[in-house]
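What follows is protein_33.tsv (TSV, C-alpha atoms and all ligand atoms).
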chain	number	residue	atom	x	y	z
A	67	MET	CA	141.67	17.41	63.73
A	68	SER	CA	141.35	14.46	61.38
A	69	ARG	CA	139.71	14.67	58.00
A	70	LEU	CA	137.05	12.06	57.44
A	71	LEU	CA	135.09	11.23	54.32
A	72	VAL	CA	131.77	9.43	54.60
A	73	VAL	CA	130.57	7.78	51.38
A	74	GLU	CA	126.97	6.79	51.97
A	75	ASP	CA	123.91	7.21	49.75
A	76	ASP	CA	121.36	6.59	52.51
A	77	ASP	CA	120.50	10.05	53.89
A	78	THR	CA	119.46	8.83	57.33
A	79	ILE	CA	122.63	6.81	57.88
A	80	GLY	CA	124.83	9.37	56.12
A	81	SER	CA	123.75	12.34	58.18
A	82	ALA	CA	123.80	10.32	61.40
A	83	LEU	CA	127.37	9.25	60.67
A	84	ARG	CA	128.35	12.76	59.81
A	85	SER	CA	126.94	14.35	62.96
A	86	THR	CA	128.24	11.60	65.23
A	87	LEU	CA	131.76	11.89	63.87
A	88	ALA	CA	131.68	15.69	63.77
A	89	ALA	CA	130.57	15.68	67.43
A	90	SER	CA	133.75	13.72	68.24
A	91	GLY	CA	135.81	16.58	66.86
A	92	HIS	CA	136.48	15.40	63.31
A	93	ASP	CA	136.28	17.39	60.12
A	94	VAL	CA	133.69	15.32	58.22
A	95	ARG	CA	132.55	15.52	54.63
A	96	ARG	CA	129.88	13.33	53.17
A	97	VAL	CA	129.21	12.34	49.58
A	98	SER	CA	126.45	10.09	48.23
A	99	THR	CA	128.02	8.54	45.16
A	100	GLY	CA	131.16	6.67	44.21
A	101	ARG	CA	131.96	9.19	41.52
A	102	ASP	CA	131.83	12.10	43.98
A	103	ALA	CA	133.99	10.17	46.42
A	104	VAL	CA	136.72	9.48	43.87
A	105	ALA	CA	136.54	13.02	42.46
A	106	SER	CA	136.79	14.69	45.87
A	107	VAL	CA	139.87	13.03	47.34
A	108	ASP	CA	142.52	14.63	45.14
A	109	SER	CA	141.68	18.16	46.28
A	110	GLU	CA	140.94	17.24	49.89
A	111	PRO	CA	142.65	13.98	50.83
A	112	PRO	CA	141.02	12.45	53.91
A	113	ASP	CA	142.81	10.56	56.69
A	114	LEU	CA	140.01	8.03	56.96
A	115	ILE	CA	137.15	6.99	54.69
A	116	LEU	CA	133.97	5.21	55.69
A	117	LEU	CA	132.78	3.60	52.48
A	118	ASP	CA	129.34	2.09	52.02
A	119	LEU	CA	129.65	-0.77	49.52
A	120	GLY	CA	126.10	-0.43	48.19
A	121	LEU	CA	126.26	2.77	46.15
A	122	PRO	CA	123.85	3.79	43.38
A	123	ASP	CA	126.32	4.63	40.63
A	124	MET	CA	129.39	2.42	40.99
A	125	ASP	CA	130.33	-0.96	42.34
A	126	GLY	CA	131.59	-0.49	45.91
A	127	PHE	CA	134.70	-2.62	45.35
A	128	THR	CA	135.64	-0.54	42.31
A	129	VAL	CA	135.25	2.63	44.36
A	130	CYS	CA	137.44	1.08	47.06
A	131	ARG	CA	140.17	0.18	44.57
A	132	GLU	CA	140.12	3.65	43.01
A	133	LEU	CA	140.29	5.35	46.41
A	134	ARG	CA	143.16	3.10	47.46
A	135	ALA	CA	145.07	3.84	44.26
A	136	ARG	CA	144.78	7.58	44.96
A	137	LEU	CA	145.40	7.38	48.71
A	138	PRO	CA	147.91	4.66	49.56
A	139	LEU	CA	148.10	5.65	53.23
A	140	ALA	CA	144.52	6.65	54.11
A	141	VAL	CA	142.49	4.30	56.26
A	142	ILE	CA	139.53	2.82	54.41
A	143	VAL	CA	136.78	1.14	56.40
A	144	VAL	CA	134.03	-0.47	54.34
A	145	LEU	CA	130.46	-0.54	55.57
A	146	THR	CA	128.43	-3.50	54.47
A	147	ALA	CA	124.78	-4.23	55.16
A	148	ARG	CA	125.24	-7.83	54.26
A	149	THR	CA	126.70	-10.34	56.65
A	150	ASP	CA	128.06	-12.16	53.65
A	151	GLN	CA	131.72	-12.92	54.39
A	152	LEU	CA	132.42	-12.74	50.67
A	153	ASP	CA	131.66	-9.01	50.78
A	154	VAL	CA	134.06	-8.54	53.63
A	155	VAL	CA	136.83	-10.47	51.94
A	156	SER	CA	136.29	-8.71	48.59
A	157	GLY	CA	136.31	-5.34	50.34
A	158	LEU	CA	139.58	-6.09	52.09
A	159	GLU	CA	141.07	-7.42	48.88
A	160	SER	CA	140.05	-4.18	47.17
A	161	GLY	CA	142.32	-2.30	49.54
A	162	ALA	CA	140.19	-1.67	52.63
A	163	ASP	CA	141.88	-1.81	56.02
A	164	ASP	CA	138.86	-2.87	57.99
A	165	TYR	CA	135.10	-3.30	57.84
A	166	LEU	CA	131.96	-2.69	59.86
A	167	THR	CA	128.79	-4.67	59.36
A	168	LYS	CA	125.52	-2.74	59.48
A	169	PRO	CA	123.80	-2.23	61.78
A	170	PHE	CA	126.68	-1.19	64.02
A	171	ARG	CA	126.55	0.57	67.36
A	172	THR	CA	127.78	4.15	67.58
A	173	ILE	CA	130.21	3.20	70.33
A	174	GLU	CA	131.71	0.50	68.11
A	175	LEU	CA	132.06	2.91	65.18
A	176	LEU	CA	133.74	5.57	67.30
A	177	ALA	CA	136.08	3.07	68.95
A	178	ARG	CA	137.13	1.73	65.57
A	179	VAL	CA	137.65	5.18	64.04
A	180	ARG	CA	139.63	6.31	67.09
A	181	ALA	CA	141.85	3.23	66.94
A	182	HIS	CA	142.60	3.71	63.26
A	183	LEU	CA	143.33	7.40	63.58
A	184	ARG	CA	145.60	6.85	66.56
A	185	ARG	CA	147.64	4.55	64.37
A	186	VAL	CA	147.80	7.15	61.61
A	187	ASP	CA	148.98	9.80	64.09
A	188	THR	CA	151.50	7.57	65.82
A	189	THR	CA	155.01	8.86	65.42
A	190	ILE	CA	157.59	6.18	65.98
A	191	PRO	CA	159.06	7.08	69.38
A	192	SER	CA	162.63	5.80	69.44
A	193	ALA	CA	165.46	6.02	66.98
A	194	VAL	CA	165.80	2.24	67.16
A	195	ALA	CA	162.24	1.79	65.89
A	196	ARG	CA	163.16	3.84	62.81
A	197	ASP	CA	166.15	1.75	61.83
A	198	PRO	CA	165.71	-0.37	58.70
A	199	LEU	CA	164.81	-3.98	59.42
A	200	ILE	CA	166.61	-6.51	57.26
A	201	PHE	CA	165.54	-10.13	57.10
A	202	GLY	CA	166.78	-12.33	54.30
A	203	ALA	CA	166.15	-10.43	51.09
A	204	LEU	CA	163.56	-8.21	52.78
A	205	ILE	CA	164.36	-4.63	53.75
A	206	LEU	CA	161.73	-2.68	55.66
A	207	GLU	CA	162.30	1.01	56.42
A	208	PRO	CA	159.82	2.10	59.11
A	209	ALA	CA	160.62	5.81	58.90
A	210	ALA	CA	160.08	5.97	55.14
A	211	ARG	CA	157.35	3.30	55.23
A	212	ARG	CA	159.16	1.59	52.40
A	213	VAL	CA	159.68	-2.11	51.86
A	214	SER	CA	161.52	-4.09	49.24
A	215	LEU	CA	162.33	-7.71	48.54
A	216	GLY	CA	165.59	-8.34	46.72
A	217	GLY	CA	165.65	-4.68	45.74
A	218	HIS	CA	162.14	-4.88	44.25
A	219	PRO	CA	159.83	-2.32	45.91
A	220	MET	CA	156.64	-3.82	47.34
A	221	GLU	CA	153.44	-1.79	47.20
A	222	LEU	CA	151.64	-2.32	50.49
A	223	THR	CA	148.57	-0.70	52.01
A	224	GLY	CA	149.05	1.05	55.35
A	225	ARG	CA	147.78	-1.88	57.34
A	226	GLU	CA	149.74	-4.45	55.35
A	227	PHE	CA	152.87	-2.43	56.10
A	228	ASP	CA	152.08	-2.32	59.82
A	229	LEU	CA	151.42	-6.06	59.89
A	230	LEU	CA	154.64	-6.90	58.04
A	231	ALA	CA	156.60	-4.53	60.28
A	232	ARG	CA	155.19	-6.28	63.34
A	233	LEU	CA	156.09	-9.73	62.00
A	234	VAL	CA	159.61	-8.74	60.94
A	235	ARG	CA	160.40	-7.24	64.34
A	236	GLU	CA	160.31	-10.73	65.84
A	237	PRO	CA	161.41	-13.22	63.21
A	238	GLY	CA	161.21	-16.84	64.28
A	239	VAL	CA	158.82	-16.03	67.12
A	240	ALA	CA	155.27	-17.43	67.27
A	241	ILE	CA	152.96	-14.42	67.48
A	242	PRO	CA	149.37	-15.07	68.62
A	243	ARG	CA	146.51	-13.82	66.45
A	244	GLU	CA	145.16	-11.75	69.33
A	245	THR	CA	148.50	-9.95	69.66
A	246	LEU	CA	148.56	-9.06	65.97
A	247	MET	CA	144.94	-7.86	66.07
A	248	ALA	CA	145.59	-5.79	69.19
A	249	GLU	CA	148.85	-4.25	68.00
A	250	VAL	CA	148.10	-3.71	64.33
A	251	TRP	CA	144.37	-2.97	64.48
A	252	ASP	CA	143.93	-2.00	68.15
A	253	HIS	CA	140.64	-3.78	68.47
A	254	ASN	CA	141.22	-7.10	70.09
A	255	TRP	CA	137.80	-6.91	71.68
A	256	TYR	CA	136.06	-7.80	68.44
A	257	GLY	CA	135.42	-11.44	67.72
A	258	SER	CA	136.21	-11.77	64.03
A	259	THR	CA	139.77	-12.06	62.85
A	260	LYS	CA	138.79	-12.34	59.18
A	261	THR	CA	140.57	-9.02	58.61
A	262	LEU	CA	143.84	-10.55	59.80
A	263	ASP	CA	143.44	-13.64	57.57
A	264	VAL	CA	142.85	-11.53	54.47
A	265	HIS	CA	145.83	-9.27	55.19
A	266	ILE	CA	148.09	-12.29	55.79
A	267	ALA	CA	146.92	-13.83	52.51
A	268	SER	CA	147.60	-10.60	50.70
A	269	LEU	CA	151.08	-10.22	52.23
A	270	ARG	CA	151.92	-13.78	51.25
A	271	ARG	CA	150.83	-13.11	47.69
A	272	ARG	CA	152.90	-9.92	47.51
A	273	LEU	CA	155.96	-11.63	48.97
A	274	ARG	CA	155.57	-14.50	46.51
A	275	GLU	CA	155.12	-12.19	43.53
A	276	ALA	CA	158.02	-9.94	44.49
A	277	GLY	CA	160.23	-12.98	45.12
A	278	ALA	CA	159.28	-14.58	41.81
A	279	SER	CA	159.89	-11.43	39.78
A	280	MET	CA	163.35	-11.00	41.30
A	281	GLY	CA	164.32	-14.66	41.14
A	282	ILE	CA	165.37	-14.59	44.77
A	283	ASP	CA	167.29	-17.46	46.34
A	284	THR	CA	164.59	-19.28	48.30
A	285	ARG	CA	166.83	-19.34	51.37
A	286	GLU	CA	166.59	-15.54	51.45
A	287	HIS	CA	162.83	-15.50	50.97
A	288	PRO	CA	160.83	-14.77	54.15
A	289	GLN	CA	157.58	-16.61	54.66
A	290	ILE	CA	154.62	-16.32	56.97
A	291	VAL	CA	154.01	-19.69	58.57
A	292	THR	CA	150.53	-20.46	59.94
A	293	LEU	CA	150.47	-21.94	63.43
A	294	ARG	CA	147.10	-23.60	63.66
A	295	GLY	CA	145.03	-22.45	66.60
A	296	HIS	CA	147.70	-19.93	67.62
A	297	GLY	CA	148.91	-17.40	65.11
A	298	TYR	CA	151.80	-16.82	62.74
A	299	ARG	CA	155.57	-16.97	62.59
A	300	PHE	CA	157.78	-15.03	60.19
A	301	GLU	CA	160.83	-16.94	59.04
A	302	LEU	CA	163.07	-17.70	56.12
A	303	ASN	CA	161.94	-20.50	53.86
A	304	PRO	CA	161.76	-23.39	56.35
A	305	ALA	CA	162.21	-26.06	53.67
A	306	ASP	CA	165.65	-24.76	52.76
A	307	ARG	CA	167.10	-23.94	56.14
A	308	SER	CA	168.69	-27.33	56.74
A	309	GLY	CA	170.94	-26.94	53.71
B	401	CA	CA	123.84	2.11	50.34

Rewrite the structure from the file as structure tokens, please.
Ligand code: CA
Amino acid sequence: MSRLLVVEDDDTIGSALRSTLAASGHDVRRVSTGRDAVASVDSEPPDLILLDLGLPDMDGFTVCRELRARLPLAVIVVLTARTDQLDVVSGLESGADDYLTKPFRTIELLARVRAHLRRVDTTIPSAVARDPLIFGALILEPAARRVSLGGHPMELTGREFDLLARLVREPGVAIPRETLMAEVWDHNWYGSTKTLDVHIASLRRRLREAGASMGIDTREHPQIVTLRGHGYRFELNPADRSG
């Protein structure tokens, strides 16, 4: 049984979410304020959080950041009433793994929650999949969910780790956006790939920052190359490979 936390101040939506998710066999708690959400997770850490961004007491992005700081591995899905893409991007940049725009259909909510929890539960099947992956100055240890660049540990969210692990498994290979969405988020049937763009941007920033702080030889510095209209390719600094 997975532990879910619903952070929603609207009683109608909050209790509907709670009963729907409880009916699917989850252990669901609901709180109505950002403060209660942050205060509750230390004693009862949830596997997945549904976080309404429009809360009465705290800014939703601040709540998201505080929850992420306390729970590096929990799945955080933000709920936003606004279709404003800025909200979505800010939510993802605050540490959310995914988002749902209100109003959403129950079937969509349940599919999304199921997909995220399956990923949390997934135990890596083969010994090979647990071996450290080394690419340039990057070392990724799937079993420990640890990653470092030039010996400098990188702090990644759960989904950023999964995305980087997927990219580093096939360096030099063009990987379509749909493949990354399907394999890292499990919901290739949804139209928007904004989530992927934001996570790629965040990974690039973290790789750049880690590389800069360690003064890594650029030839050892992996990069995520955008393939317009297709997807991404993970490779060592292309500008320096000829040398
Ligand atoms: Ca609200």

Pro122 (chain A): which residues within 8 Å, counting all atoms listed in the file, same-chain residues fewer than 4 positions away excluded, as an MDAnalysis selection string?
-> chainID A and resid 75 99:100

Could you give me, as JSON lines, every region 165-241 of chain A residue with an atom at most 9 Å from region 255-274 of chain A, plus its closest atom pair and distance in Å to one decimal, counting only C-alpha atoms, rows ordered by chain then number?
{"residue": "A:Tyr165", "atom": "CA", "partner": "A:Thr261", "partner_atom": "CA", "distance": 8.0}
{"residue": "A:Leu215", "atom": "CA", "partner": "A:Leu273", "partner_atom": "CA", "distance": 7.5}
{"residue": "A:Met220", "atom": "CA", "partner": "A:Arg272", "partner_atom": "CA", "distance": 7.2}
{"residue": "A:Glu221", "atom": "CA", "partner": "A:Arg272", "partner_atom": "CA", "distance": 8.2}
{"residue": "A:Leu222", "atom": "CA", "partner": "A:Leu269", "partner_atom": "CA", "distance": 8.1}
{"residue": "A:Arg225", "atom": "CA", "partner": "A:His265", "partner_atom": "CA", "distance": 7.9}
{"residue": "A:Glu226", "atom": "CA", "partner": "A:His265", "partner_atom": "CA", "distance": 6.2}
{"residue": "A:Phe227", "atom": "CA", "partner": "A:Leu269", "partner_atom": "CA", "distance": 8.9}
{"residue": "A:Leu229", "atom": "CA", "partner": "A:His265", "partner_atom": "CA", "distance": 8.0}
{"residue": "A:Leu230", "atom": "CA", "partner": "A:Leu269", "partner_atom": "CA", "distance": 7.6}

Shell of 10 Å around ligand CA 401 (chain B) (only C-alpha atoms and all ligand atoms), written as a list in words =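 Going residue by residue within 10 Å of ligand CA 401 (chain B), we get Val73, Glu74, Asp75, Asp76, Asp77, Ile79, Gly80, Ser98, Thr99, Leu117, Asp118, Leu119, Gly120, Leu121, Pro122, Gly126, Leu145, Thr146 and Ala147 of chain A.
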
Between A:Glu174, A:Glu110, A:Glu132, A:Asp164, which has the minimum distance to Gly224 (chain A) (counting all atoms listed in the file)?
->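 The shortest atom-to-atom distance to Gly224 (chain A) comes from A:Asp164.
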
Rounded to one decimal place, report the CA of Pro111 (chain A)-CA of Asp123 (chain A) distance in Å.
->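 Separating CA of Pro111 (chain A) from CA of Asp123 (chain A) is a distance of 21.4 Å.
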
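Compared by their closest atoms to Leu133 (chain A), and using only C-alpha atoms, the residues A:Thr223, A:Ile173, A:Leu293, A:Ser85 rank with A:Thr223 nearest.
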
Just give me the gap between CA of Val94 (chain A) and CA of Asp228 (chain A) in Å, one decimal is fine.
->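 Atom-to-atom, CA of Val94 (chain A) to CA of Asp228 (chain A), that is 25.5 Å.
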
Repaired coordinates for region 99-131 of chain A (N, CA and C atoms) as a tab-separated table (two decimals), in the coordinates of the input:
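part.tsv was written with the following content:
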chain	number	residue	atom	x	y	z
A	99	THR	N	127.75	9.43	46.30
A	99	THR	CA	128.02	8.54	45.16
A	99	THR	C	129.50	8.18	45.10
A	100	GLY	N	129.77	7.10	44.40
A	100	GLY	CA	131.16	6.67	44.21
A	100	GLY	C	131.95	7.68	43.40
A	101	ARG	N	131.29	8.21	42.38
A	101	ARG	CA	131.96	9.19	41.52
A	101	ARG	C	132.40	10.42	42.31
A	102	ASP	N	131.49	10.93	43.16
A	102	ASP	CA	131.83	12.10	43.98
A	102	ASP	C	132.97	11.78	44.95
A	103	ALA	N	132.94	10.56	45.47
A	103	ALA	CA	133.99	10.17	46.42
A	103	ALA	C	135.35	10.21	45.73
A	104	VAL	N	135.44	9.56	44.59
A	104	VAL	CA	136.72	9.48	43.87
A	104	VAL	C	137.17	10.88	43.43
A	105	ALA	N	136.20	11.68	42.95
A	105	ALA	CA	136.54	13.02	42.46
A	105	ALA	C	137.02	13.95	43.57
A	106	SER	N	136.53	13.71	44.80
A	106	SER	CA	136.79	14.69	45.87
A	106	SER	C	138.14	14.50	46.56
A	107	VAL	N	138.72	13.29	46.47
A	107	VAL	CA	139.87	13.03	47.34
A	107	VAL	C	141.19	13.66	46.88
A	108	ASP	N	141.27	14.01	45.60
A	108	ASP	CA	142.52	14.63	45.14
A	108	ASP	C	142.69	16.02	45.73
A	109	SER	N	141.59	16.79	45.76
A	109	SER	CA	141.68	18.16	46.28
A	109	SER	C	141.70	18.18	47.81
A	110	GLU	N	140.98	17.27	48.43
A	110	GLU	CA	140.94	17.24	49.89
A	110	GLU	C	141.17	15.82	50.38
A	111	PRO	N	142.41	15.37	50.43
A	111	PRO	CA	142.65	13.98	50.83
A	111	PRO	C	142.29	13.71	52.29
A	112	PRO	N	141.40	12.77	52.54
A	112	PRO	CA	141.02	12.45	53.91
A	112	PRO	C	142.01	11.50	54.59
A	113	ASP	N	141.99	11.51	55.92
A	113	ASP	CA	142.81	10.56	56.69
A	113	ASP	C	142.11	9.21	56.77
A	114	LEU	N	140.78	9.27	56.81
A	114	LEU	CA	140.01	8.03	56.96
A	114	LEU	C	138.73	8.13	56.15
A	115	ILE	N	138.36	7.03	55.51
A	115	ILE	CA	137.15	6.99	54.69
A	115	ILE	C	136.24	5.88	55.20
A	116	LEU	N	134.98	6.23	55.42
A	116	LEU	CA	133.97	5.21	55.69
A	116	LEU	C	133.21	5.02	54.39
A	117	LEU	N	133.31	3.83	53.82
A	117	LEU	CA	132.78	3.60	52.48
A	117	LEU	C	131.67	2.56	52.48
A	118	ASP	N	130.46	3.02	52.19
A	118	ASP	CA	129.34	2.09	52.02
A	118	ASP	C	129.57	1.33	50.71
A	119	LEU	N	129.40	0.02	50.74
A	119	LEU	CA	129.65	-0.77	49.52
A	119	LEU	C	128.48	-0.74	48.55
A	120	GLY	N	127.28	-0.45	49.05
A	120	GLY	CA	126.10	-0.43	48.19
A	120	GLY	C	125.77	0.97	47.71
A	121	LEU	N	126.46	1.41	46.67
A	121	LEU	CA	126.26	2.77	46.15
A	121	LEU	C	125.46	2.72	44.86
A	122	PRO	N	124.75	3.82	44.54
A	122	PRO	CA	123.85	3.79	43.38
A	122	PRO	C	124.56	3.80	42.03
A	123	ASP	N	125.74	4.40	41.95
A	123	ASP	CA	126.32	4.63	40.63
A	123	ASP	C	127.49	3.72	40.27
A	124	MET	N	128.20	3.23	41.28
A	124	MET	CA	129.39	2.42	40.99
A	124	MET	C	129.43	1.23	41.93
A	125	ASP	N	130.10	0.19	41.48
A	125	ASP	CA	130.33	-0.96	42.34
A	125	ASP	C	131.24	-0.55	43.50
A	126	GLY	N	130.84	-0.91	44.73
A	126	GLY	CA	131.59	-0.49	45.91
A	126	GLY	C	133.04	-0.93	45.91
A	127	PHE	N	133.31	-2.12	45.38
A	127	PHE	CA	134.70	-2.62	45.35
A	127	PHE	C	135.55	-1.80	44.38
A	128	THR	N	134.93	-1.39	43.27
A	128	THR	CA	135.64	-0.54	42.31
A	128	THR	C	135.98	0.80	42.95
A	129	VAL	N	135.01	1.36	43.67
A	129	VAL	CA	135.25	2.63	44.36
A	129	VAL	C	136.41	2.46	45.34
A	130	CYS	N	136.39	1.36	46.07
A	130	CYS	CA	137.44	1.08	47.06
A	130	CYS	C	138.81	1.01	46.39
A	131	ARG	N	138.89	0.30	45.28
A	131	ARG	CA	140.17	0.18	44.57
A	131	ARG	C	140.66	1.54	44.06
